[in-house]
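Have a look at the structure below, then the notes.
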Amino acid sequence: MRKRNCWSLIITAFVVTAYSFTEGSWFNSYVSQILGKDKIFVSIMIATSGLVGAISFIIWGAISDNSRDCLGRRKSILILGLLITGILVILFGLSKNYILCLILDGVLIGITSNMFYSTRKALVPDLTSIHERGRYNSIILLIGGLGGVLTYAFVIWGKRDVLGNFTDSTHFRVILITGISLILGGIVVFFTLEEPITNLPPKRSWVKDIERIFSWKHFKEHKEFYRFFLAYLLPIMARYAYYPFMIIYIQEQALNETEVLVYSIMMGSGTLLGSVIFPRISDKIGRKRVVLMTLPCAVMGFLLLAFAQFSIWILYVGMFIMNFFLEGHNSTSETWSQDLVDEDSRGRFLGIVNLTSSAGQIPGVIIAGLFADQLGLWVVFIIAAIFAAVAIPLYSRVTDYLIQEKKV
């Protein structure tokens, strides 16, 4: 991969990670704390976004597979997605009505954000070989992941009211910074990313490409991919059982500034180290071995967090273990999914992978939200542990093509 392309993807990952944290946490806190809605309303907004996003990802992926212009296949869609979503994010921060927030996040942003989600993920395998893919994914995830620090810093230093909740002005600053970052990211990508415009696969109808997804012949030809699809669904359910509620959990625990800082360091270091170390290891020993090693350890982290209410040290240790191994699984699985897709249909196939994200997001967050309202937020970690544990035997049945290629 050329250096300028690597840096372009890093910048994209930076602003997208900042956006993902804001949309996945601060949007939810805004609805819960500023608009005063119950957690089930947060779950409804997340579920709507997930459903719209699942459909949009596949469509944009298929369109980018078959798009041909002076910038390449995916660059134009990537840039437009960053610019439009940035504007919509700022509008969300200005809204004081739940229905308008639901339309903005659940529908409009659900459509436009997947313009950059689908193209960004497809560009990595487009520009790398299978043997270096884990390394480049780890570099992009490491530096790009610092974008989450940009918006997470407000969790530590954001202004709070007398009850310990973040103020309206803190929420707006985070959302405004996120929107501006997306717009600037789109401008930078326009000038830095160089996508190949020659020797591209033949152009097809993107509508027919989507129709093929639902054919039995397509399923039989790509059965390993669909085995991965099924296994990947459960860790996504685990992630969305706990992640959307974490910023609310921190506020309910009434942690002081020092405790939040330590908590943030444990979470951030675990996430960054896991995303860097495990994809590189998977280049050497295979994706499956890494996934089957990280998931059981992530389950242990979830179970520790379920008892974090009894000791702040359990929270610190559990947060590091869970993030280190879960992010190791996530980044390695993303690389594995890129290995399994065809060169001429990466956008479409990665759209199917994203469908697991949305399909897992909806039941994960709704089940967790219902139990959290009844039993308390601690229960979301138990639910996440169960989902992650069920995925382990399913992953064991998926073929690792990197290991097969090395044997040949």
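Starting from 1 in every chain, residues are counted up; chains themselves are A, B, ... following the order of the structure tokens, and ligands are numbered from 1 as listed.
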Can you tell me which residues surround Val107 (chain A) at a distance of at most 8 Å, considering only C-alpha atoms, apart from same-chain residues fewer than 3 positions away, and format the answer as a tab-separated table (two decimals) with C-alpha atoms, in the first residue's frame?
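After the write, result.tsv holds the following:
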```tsv
chain	number	residue	atom	x	y	z
A	48	THR	CA	-33.78	1.85	13.93
A	49	SER	CA	-30.32	3.05	12.99
A	52	VAL	CA	-31.57	1.27	8.17
A	102	LEU	CA	-34.91	9.51	15.81
A	103	ILE	CA	-35.30	10.63	12.17
A	104	LEU	CA	-31.83	12.19	12.04
A	110	GLY	CA	-28.18	5.55	9.11
A	111	ILE	CA	-28.16	6.01	5.33
```
Each residue of region 45-160 of chain A with at least one atom at most 12 Å from region 367-370 of chain A should appear once, together with its nearest atom pair and the corresponding distance in Å (one decimal); atoms considered: only C-alpha atoms; ordering: chain, then increasing residue number; output as CSV.
```
residue,atom,partner,partner_atom,distance
A:Met45,CA,A:Gly369,CA,11.9
A:Ile46,CA,A:Gly369,CA,10.8
A:Ala47,CA,A:Ile367,CA,11.1
```
- Item | Close residues, Leu94 (chain A) itself excluded, 10 Å, only C-alpha atoms, min 4 positions apart in chain, as a ChimeraX atom specification | /A:88-90,101,172,175-176
Selection from above, C-alpha atoms, as a PDB file, in the first residue's frame, can you write it?
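File out14.pdb, as written:
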```
ATOM      1  CA  LEU A  88     -26.493  15.824   9.905  1.00  0.00           C
ATOM      2  CA  VAL A  89     -24.533  15.158  13.117  1.00  0.00           C
ATOM      3  CA  ILE A  90     -24.429  18.895  13.848  1.00  0.00           C
ATOM      4  CA  CYS A 101     -33.448  12.886  16.781  1.00  0.00           C
ATOM      5  CA  PHE A 172     -23.348  19.880  22.099  1.00  0.00           C
ATOM      6  CA  ILE A 175     -21.422  16.524  18.782  1.00  0.00           C
ATOM      7  CA  LEU A 176     -20.271  19.741  17.077  1.00  0.00           C
TER       8      LEU A 176
END
```
One residue among A:Leu233, A:Ile383, A:Leu273, A:Ile58 is nearest to Ile366 (chain A) when using only C-alpha atoms, and that residue is A:Ile383
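Take CA of Ile79 (chain A) and CA of Ile10 (chain A): the distance between them is 14.3 Å.
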Closest of A:Val31, A:Ile312, A:Met293, A:Val379 to Ser95 (chain A), counting only C-alpha atoms, is A:Val31
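Comparing A:Gly50, A:His131, A:Gln253, A:Leu83 by their smallest distance to Phe310 (chain A), the closest is A:Gln253 (using only C-alpha atoms).
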Could you produce a table of the residues of region 241-336 of chain A lying within 12 Å of region 12-25 of chain A, with the nearest pair of atoms per residue and their separation in Å rounded to one decimal, using only C-alpha atoms, ordered by chain and increasing residue number, as a tab-separated table?
```
residue	atom	partner	partner_atom	distance
A:Tyr242	CA	A:Ser25	CA	10.9
A:Tyr243	CA	A:Gly24	CA	7.7
A:Pro244	CA	A:Ser25	CA	5.5
A:Phe245	CA	A:Ser25	CA	7.2
A:Met246	CA	A:Ser25	CA	7.4
A:Ile247	CA	A:Ser25	CA	6.1
A:Ile248	CA	A:Ser25	CA	8.3
A:Tyr249	CA	A:Ser25	CA	10.8
A:Ile250	CA	A:Ser25	CA	11.3
```
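One finds CA of Leu295 (chain A) at 6.5 Å from CA of His329 (chain A).
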| How would you write, as a PyMOL selection string, the set of residues in region 360-398 of chain A that DSSP gives as helix (DSSP H, G or I)? | chain A and resi 360-375+379-395
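Here CA of Phe154 (chain A) is placed at a distance of 7.2 Å from CA of Val174 (chain A).
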(message) Need the shell around Thr170 (chain A): protein/DNA/RNA residues with any atom at most 7 Å away, counting only C-alpha atoms. Skip same-chain ones fewer than 3 positions apart. Format as a PyMOL selection string?
(response) chain A and resi 158-159+166-167+173-174
I need the residues from that last selection saved to file as a PDB file, in the first residue's frame (with N, CA and C atoms), if you can.
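Contents of part.pdb, freshly written:
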```pdb
ATOM      1  N   GLY A 158     -15.570  16.713  30.814  1.00  0.00           N
ATOM      2  CA  GLY A 158     -16.808  17.403  30.452  1.00  0.00           C
ATOM      3  C   GLY A 158     -17.518  17.976  31.669  1.00  0.00           C
ATOM      4  N   LYS A 159     -18.185  19.086  31.481  1.00  0.00           N
ATOM      5  CA  LYS A 159     -18.902  19.747  32.569  1.00  0.00           C
ATOM      6  C   LYS A 159     -20.134  18.940  32.963  1.00  0.00           C
ATOM      7  N   PHE A 166     -23.765  14.824  32.531  1.00  0.00           N
ATOM      8  CA  PHE A 166     -23.166  15.805  31.622  1.00  0.00           C
ATOM      9  C   PHE A 166     -24.201  16.831  31.191  1.00  0.00           C
ATOM     10  N   THR A 167     -23.776  18.092  31.113  1.00  0.00           N
ATOM     11  CA  THR A 167     -24.689  19.175  30.773  1.00  0.00           C
ATOM     12  C   THR A 167     -25.009  19.193  29.281  1.00  0.00           C
ATOM     13  N   ARG A 173     -20.991  20.364  22.493  1.00  0.00           N
ATOM     14  CA  ARG A 173     -19.596  20.535  22.073  1.00  0.00           C
ATOM     15  C   ARG A 173     -19.052  19.252  21.442  1.00  0.00           C
ATOM     16  N   VAL A 174     -19.334  18.124  22.101  1.00  0.00           N
ATOM     17  CA  VAL A 174     -18.859  16.840  21.560  1.00  0.00           C
ATOM     18  C   VAL A 174     -19.448  16.588  20.181  1.00  0.00           C
TER      19      VAL A 174
END
```
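Minimum atom-to-atom distances from A:Arg227, A:Arg133, A:Phe387, A:Thr332 to Arg239 (chain A) were compared using only C-alpha atoms, and the lowest value belongs to A:Phe387.
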- For Leu142 (chain A): contacts at 9 Å, only C-alpha atoms, fewer than 2 positions along chain excluded, given as a PyMOL selection string: chain A and resi 10+137-140+144-146+271-273+275-276
For the selection you just gave me, I'd like the residues written to a file as a CSV table (one decimal), in the first residue's frame, keeping C-alpha atoms.
```
chain,number,residue,atom,x,y,z
A,10,ILE,CA,-5.8,6.4,8.9
A,137,ASN,CA,-5.4,-3.1,9.6
A,138,SER,CA,-3.5,-2.9,12.9
A,139,ILE,CA,-1.8,0.4,11.9
A,140,ILE,CA,-5.0,1.9,10.7
A,144,GLY,CA,-7.2,5.9,13.7
A,145,GLY,CA,-8.5,4.6,17.0
A,146,LEU,CA,-7.2,7.7,18.7
A,271,THR,CA,-8.7,-1.3,23.0
A,272,LEU,CA,-5.5,0.1,21.3
A,273,LEU,CA,-3.3,-2.8,22.3
A,275,SER,CA,-6.4,-3.8,17.9
A,276,VAL,CA,-2.6,-3.7,17.2
```
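Residue nearest Gly270 (chain A) within the list A:Leu150, A:Ala384, A:Ile236, A:Met319: A:Met319 [criterion: smallest interatomic distance, only C-alpha atoms].
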Next on the checklist: Which residues are close to Gly164 (chain A), i.e. within 9 Å by only C-alpha atoms, leaving aside same-chain residues fewer than 5 positions away? Reply as a ChimeraX atom specification.
Outcome noted: /A:159,251-252,254-255
Keeping C-alpha atoms for every residue in the selection just given, could you write it to a file as a PDB file, in the first residue's frame?
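Output file selection19.pdb is given in full below:
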```pdb
ATOM      1  CA  LYS A 159     -18.902  19.747  32.569  1.00  0.00           C
ATOM      2  CA  GLN A 251     -22.749   8.533  35.284  1.00  0.00           C
ATOM      3  CA  GLU A 252     -24.869   6.204  37.445  1.00  0.00           C
ATOM      4  CA  ALA A 254     -20.930   8.609  40.194  1.00  0.00           C
ATOM      5  CA  LEU A 255     -17.192   8.152  39.572  1.00  0.00           C
TER       6      LEU A 255
END
```
From the list A:Leu78, A:Ala372, A:Ile352, A:Ile11, the nearest residue to Phe57 (chain A) using only C-alpha atoms is A:Ile352
